Amino acid sequence: MRIGIFADSHDHLDNIRRAVIVFNEHDCELVVFAGDLVSTIAIPPLRQLNCPFVGCFGDNEGNRIGIRSGMSIIGHLAEPPFGFRAPDGTRILVTHQRELLRGQAEGSDVVVFGHTHRAAIQHDGEGRLLVNPGETGGWTYGQPSVAILETQPLQAKLISLLAENSNGNARAGHRVNLKSDAATER
């Protein structure tokens, strides 16, 4: 199963649109969001997703009632942390701030989180895959990204939202190589 992952969009509508394009072009079967849409203006671009959506609130949502209402036609948005089983059986735990987990990761195959705005993919000491897709908004570090998770075999990769083509123009959808195991298998 292929799952798109993003977080920390902070109302950057162009990059939210780019993320949707990446997820649709990669034929994602599910998209997971790890918090910080920020406001209701971030919702309309998500209507273009070609797959189900599940996500959590972050620590910067200003209008939770409005966001929850708007997201109800797109997918499920919950308070973090929460876990679910993907259709293929993969157990996924989602939160915005990793610190909120406090021992709750037991039994999960994948932990998805954001908040730091720094992309990282790694395994913890228990063999769980930890995925922070980085900042979709790109406001903090100027490196907007998303992640693509493959559940069989269990691995993830980071995708830049601002890779340049041969003409020097920015375009979405190219793999990012960061100082982490950017495509890691278990």
# chains A, B, ... in the order shown; residues from 1 in each chain; ligands from 1
>>> closest_atom_pairs(of="segment 13-84 of chain A", to="segment 136-156 of chain A", cutoff="8 Å", atoms="only C-alpha atoms", output="Markdown table")
| residue | atom | partner | partner_atom | distance |
| --- | --- | --- | --- | --- |
| A:Asn15 | CA | A:Gly137 | CA | 6.0 |
| A:Ile16 | CA | A:Thr136 | CA | 6.9 |
| A:Ala19 | CA | A:Val146 | CA | 6.7 |
| A:Phe23 | CA | A:Ile148 | CA | 7.9 |
>>> residues_around(residues="Arg64 of chain A", least_positions_apart="3", cutoff="9 Å", atoms="only C-alpha atoms", output="ChimeraX atom specification")
/A:38-40,57,61,67-69
>>> closest_residue(among="A:Gly125, A:Pro81, A:Pro87, A:Gly70", to="Glu29 of chain A", atoms="only C-alpha atoms")
A:Pro87
>>> closest_residue(among="A:His10, A:Lys157, A:Arg128, A:His96", to="Ala34 of chain A", atoms="only C-alpha atoms")
A:His96
>>> closest_residue(among="A:Thr95, A:Thr90, A:Ser72, A:Gln122", to="Cys56 of chain A", atoms="only C-alpha atoms")
A:Thr95
>>> residues_around(residues="Arg85 of chain A", least_positions_apart="4", cutoff="12 Å", atoms="only C-alpha atoms", output="count of residues only")
14
>>> select_by_dssp(residues="chain A", states="alpha helix (DSSP H)", output="mmCIF file with all heavy atoms, in the first residue's frame")
data_model
loop_
_atom_site.group_PDB
_atom_site.id
_atom_site.type_symbol
_atom_site.label_atom_id
_atom_site.label_comp_id
_atom_site.auth_asym_id
_atom_site.auth_seq_id
_atom_site.Cartn_x
_atom_site.Cartn_y
_atom_site.Cartn_z
ATOM 1 N N LEU A 13 -0.749 27.629 0.574
ATOM 2 C CA LEU A 13 -1.670 27.014 -0.382
ATOM 3 C C LEU A 13 -0.968 26.434 -1.597
ATOM 4 O O LEU A 13 -1.346 25.357 -2.075
ATOM 5 C CB LEU A 13 -2.739 28.018 -0.804
ATOM 6 C CG LEU A 13 -3.606 28.571 0.337
ATOM 7 C CD1 LEU A 13 -4.640 29.543 -0.210
ATOM 8 C CD2 LEU A 13 -4.256 27.456 1.124
ATOM 9 N N ASP A 14 0.037 27.121 -2.133
ATOM 10 C CA ASP A 14 0.748 26.589 -3.297
ATOM 11 C C ASP A 14 1.407 25.250 -2.971
ATOM 12 O O ASP A 14 1.346 24.317 -3.769
ATOM 13 C CB ASP A 14 1.800 27.577 -3.799
ATOM 14 C CG ASP A 14 1.187 28.792 -4.473
ATOM 15 O OD1 ASP A 14 0.012 28.714 -4.899
ATOM 16 O OD2 ASP A 14 1.879 29.829 -4.567
ATOM 17 N N ASN A 15 2.027 25.155 -1.803
ATOM 18 C CA ASN A 15 2.689 23.901 -1.456
ATOM 19 C C ASN A 15 1.694 22.806 -1.082
ATOM 20 O O ASN A 15 1.967 21.625 -1.305
ATOM 21 C CB ASN A 15 3.718 24.117 -0.348
ATOM 22 C CG ASN A 15 4.963 24.808 -0.875
ATOM 23 O OD1 ASN A 15 5.147 24.933 -2.097
ATOM 24 N ND2 ASN A 15 5.811 25.264 0.017
ATOM 25 N N ILE A 16 0.549 23.176 -0.559
ATOM 26 C CA ILE A 16 -0.497 22.172 -0.324
ATOM 27 C C ILE A 16 -0.950 21.619 -1.676
ATOM 28 O O ILE A 16 -1.101 20.406 -1.843
ATOM 29 C CB ILE A 16 -1.679 22.757 0.470
ATOM 30 C CG1 ILE A 16 -1.229 23.127 1.889
ATOM 31 C CG2 ILE A 16 -2.837 21.759 0.517
ATOM 32 C CD1 ILE A 16 -2.249 23.940 2.681
ATOM 33 N N ARG A 17 -1.134 22.492 -2.651
ATOM 34 C CA ARG A 17 -1.504 22.040 -4.000
ATOM 35 C C ARG A 17 -0.421 21.138 -4.582
ATOM 36 O O ARG A 17 -0.723 20.117 -5.214
ATOM 37 C CB ARG A 17 -1.743 23.234 -4.916
ATOM 38 C CG ARG A 17 -3.013 23.988 -4.636
ATOM 39 C CD ARG A 17 -3.242 25.124 -5.651
ATOM 40 N NE ARG A 17 -4.267 26.015 -5.182
ATOM 41 C CZ ARG A 17 -4.037 27.197 -4.583
ATOM 42 N NH1 ARG A 17 -2.801 27.647 -4.436
ATOM 43 N NH2 ARG A 17 -5.053 27.938 -4.169
ATOM 44 N N ARG A 18 0.845 21.517 -4.388
ATOM 45 C CA ARG A 18 1.949 20.689 -4.881
ATOM 46 C C ARG A 18 1.941 19.320 -4.200
ATOM 47 O O ARG A 18 2.185 18.296 -4.848
ATOM 48 C CB ARG A 18 3.286 21.387 -4.644
ATOM 49 C CG ARG A 18 3.532 22.561 -5.548
ATOM 50 C CD ARG A 18 4.894 23.216 -5.276
ATOM 51 N NE ARG A 18 5.068 24.354 -6.154
ATOM 52 C CZ ARG A 18 5.062 25.626 -5.750
ATOM 53 N NH1 ARG A 18 4.908 25.922 -4.464
ATOM 54 N NH2 ARG A 18 5.221 26.592 -6.617
ATOM 55 N N ALA A 19 1.676 19.293 -2.899
ATOM 56 C CA ALA A 19 1.619 18.019 -2.174
ATOM 57 C C ALA A 19 0.512 17.136 -2.744
ATOM 58 O O ALA A 19 0.716 15.934 -2.963
ATOM 59 C CB ALA A 19 1.393 18.273 -0.685
ATOM 60 N N VAL A 20 -0.647 17.708 -3.005
ATOM 61 C CA VAL A 20 -1.762 16.942 -3.578
ATOM 62 C C VAL A 20 -1.362 16.375 -4.941
ATOM 63 O O VAL A 20 -1.637 15.211 -5.247
ATOM 64 C CB VAL A 20 -3.031 17.820 -3.669
ATOM 65 C CG1 VAL A 20 -4.103 17.158 -4.526
ATOM 66 C CG2 VAL A 20 -3.561 18.130 -2.272
ATOM 67 N N ILE A 21 -0.691 17.170 -5.757
ATOM 68 C CA ILE A 21 -0.228 16.695 -7.062
ATOM 69 C C ILE A 21 0.719 15.506 -6.886
ATOM 70 O O ILE A 21 0.590 14.485 -7.574
ATOM 71 C CB ILE A 21 0.455 17.833 -7.859
ATOM 72 C CG1 ILE A 21 -0.593 18.854 -8.314
ATOM 73 C CG2 ILE A 21 1.247 17.291 -9.046
ATOM 74 C CD1 ILE A 21 -0.013 20.155 -8.842
ATOM 75 N N VAL A 22 1.669 15.623 -5.973
ATOM 76 C CA VAL A 22 2.617 14.533 -5.728
ATOM 77 C C VAL A 22 1.872 13.270 -5.299
ATOM 78 O O VAL A 22 2.122 12.178 -5.813
ATOM 79 C CB VAL A 22 3.671 14.938 -4.667
ATOM 80 C CG1 VAL A 22 4.465 13.729 -4.187
ATOM 81 C CG2 VAL A 22 4.610 15.997 -5.228
ATOM 82 N N PHE A 23 0.955 13.397 -4.348
ATOM 83 C CA PHE A 23 0.223 12.223 -3.866
ATOM 84 C C PHE A 23 -0.601 11.588 -4.985
ATOM 85 O O PHE A 23 -0.634 10.359 -5.120
ATOM 86 C CB PHE A 23 -0.667 12.592 -2.682
ATOM 87 C CG PHE A 23 0.088 13.095 -1.484
ATOM 88 C CD1 PHE A 23 -0.468 14.071 -0.659
ATOM 89 C CD2 PHE A 23 1.354 12.623 -1.157
ATOM 90 C CE1 PHE A 23 0.209 14.542 0.459
ATOM 91 C CE2 PHE A 23 2.050 13.092 -0.055
ATOM 92 C CZ PHE A 23 1.475 14.057 0.758
ATOM 93 N N ASN A 24 -1.251 12.404 -5.790
ATOM 94 C CA ASN A 24 -2.053 11.870 -6.898
ATOM 95 C C ASN A 24 -1.163 11.229 -7.966
ATOM 96 O O ASN A 24 -1.478 10.159 -8.490
ATOM 97 C CB ASN A 24 -2.941 12.949 -7.502
ATOM 98 C CG ASN A 24 -4.082 13.353 -6.582
ATOM 99 O OD1 ASN A 24 -4.411 12.652 -5.627
ATOM 100 N ND2 ASN A 24 -4.686 14.499 -6.867
ATOM 101 N N GLU A 25 -0.036 11.868 -8.296
ATOM 102 C CA GLU A 25 0.872 11.305 -9.305
ATOM 103 C C GLU A 25 1.522 10.012 -8.832
ATOM 104 O O GLU A 25 1.874 9.161 -9.647
ATOM 105 C CB GLU A 25 1.942 12.323 -9.693
ATOM 106 C CG GLU A 25 1.411 13.440 -10.567
ATOM 107 C CD GLU A 25 2.469 14.457 -10.963
ATOM 108 O OE1 GLU A 25 3.605 14.418 -10.410
ATOM 109 O OE2 GLU A 25 2.155 15.311 -11.813
ATOM 110 N N ARG A 64 -10.380 25.389 15.146
ATOM 111 C CA ARG A 64 -10.566 23.942 15.125
ATOM 112 C C ARG A 64 -11.969 23.536 14.691
ATOM 113 O O ARG A 64 -12.140 22.559 13.975
ATOM 114 C CB ARG A 64 -10.235 23.333 16.483
ATOM 115 C CG ARG A 64 -8.756 23.301 16.743
ATOM 116 C CD ARG A 64 -8.443 22.706 18.107
ATOM 117 N NE ARG A 64 -7.021 22.720 18.312
ATOM 118 C CZ ARG A 64 -6.295 21.617 18.488
ATOM 119 N NH1 ARG A 64 -6.868 20.445 18.545
ATOM 120 N NH2 ARG A 64 -5.000 21.711 18.648
ATOM 121 N N ILE A 65 -12.973 24.278 15.125
ATOM 122 C CA ILE A 65 -14.350 23.937 14.750
ATOM 123 C C ILE A 65 -14.516 24.066 13.238
ATOM 124 O O ILE A 65 -15.062 23.177 12.586
ATOM 125 C CB ILE A 65 -15.360 24.818 15.512
ATOM 126 C CG1 ILE A 65 -15.301 24.497 17.007
ATOM 127 C CG2 ILE A 65 -16.771 24.634 14.954
ATOM 128 C CD1 ILE A 65 -16.073 25.463 17.880
ATOM 129 N N GLY A 66 -14.039 25.152 12.672
ATOM 130 C CA GLY A 66 -14.137 25.356 11.229
ATOM 131 C C GLY A 66 -13.323 24.348 10.447
ATOM 132 O O GLY A 66 -13.778 23.825 9.419
ATOM 133 N N ILE A 67 -12.119 24.054 10.914
ATOM 134 C CA ILE A 67 -11.270 23.077 10.231
ATOM 135 C C ILE A 67 -11.911 21.694 10.294
ATOM 136 O O ILE A 67 -11.992 20.985 9.289
ATOM 137 C CB ILE A 67 -9.850 23.066 10.826
ATOM 138 C CG1 ILE A 67 -9.137 24.385 10.492
ATOM 139 C CG2 ILE A 67 -9.055 21.874 10.311
ATOM 140 C CD1 ILE A 67 -7.824 24.583 11.213
ATOM 141 N N ARG A 68 -12.386 21.293 11.464
ATOM 142 C CA ARG A 68 -13.015 19.966 11.602
ATOM 143 C C ARG A 68 -14.235 19.866 10.672
ATOM 144 O O ARG A 68 -14.436 18.862 10.007
ATOM 145 C CB ARG A 68 -13.427 19.705 13.037
ATOM 146 C CG ARG A 68 -13.927 18.273 13.261
ATOM 147 C CD ARG A 68 -14.367 18.004 14.674
ATOM 148 N NE ARG A 68 -13.421 18.338 15.709
ATOM 149 C CZ ARG A 68 -12.458 17.539 16.147
ATOM 150 N NH1 ARG A 68 -12.295 16.351 15.609
ATOM 151 N NH2 ARG A 68 -11.651 17.930 17.119
ATOM 152 N N SER A 69 -15.029 20.934 10.622
ATOM 153 C CA SER A 69 -16.209 20.940 9.759
ATOM 154 C C SER A 69 -15.815 20.838 8.291
ATOM 155 O O SER A 69 -16.369 20.025 7.546
ATOM 156 C CB SER A 69 -17.015 22.219 10.003
ATOM 157 O OG SER A 69 -18.109 22.276 9.128
ATOM 158 N N GLY A 70 -14.867 21.654 7.858
ATOM 159 C CA GLY A 70 -14.421 21.616 6.470
ATOM 160 C C GLY A 70 -13.785 20.294 6.082
ATOM 161 O O GLY A 70 -13.976 19.801 4.966
ATOM 162 N N MET A 71 -13.048 19.707 6.994
ATOM 163 C CA MET A 71 -12.371 18.439 6.716
ATOM 164 C C MET A 71 -13.341 17.269 6.678
ATOM 165 O O MET A 71 -13.013 16.217 6.131
ATOM 166 C CB MET A 71 -11.286 18.180 7.755
ATOM 167 C CG MET A 71 -10.085 19.105 7.645
ATOM 168 S SD MET A 71 -9.275 19.037 6.031
ATOM 169 C CE MET A 71 -8.686 17.361 6.031
#
>>> atom_distance(atom1="atom CA of Ala42 of chain A", atom2="atom CA of Ser9 of chain A")
8.1 Å
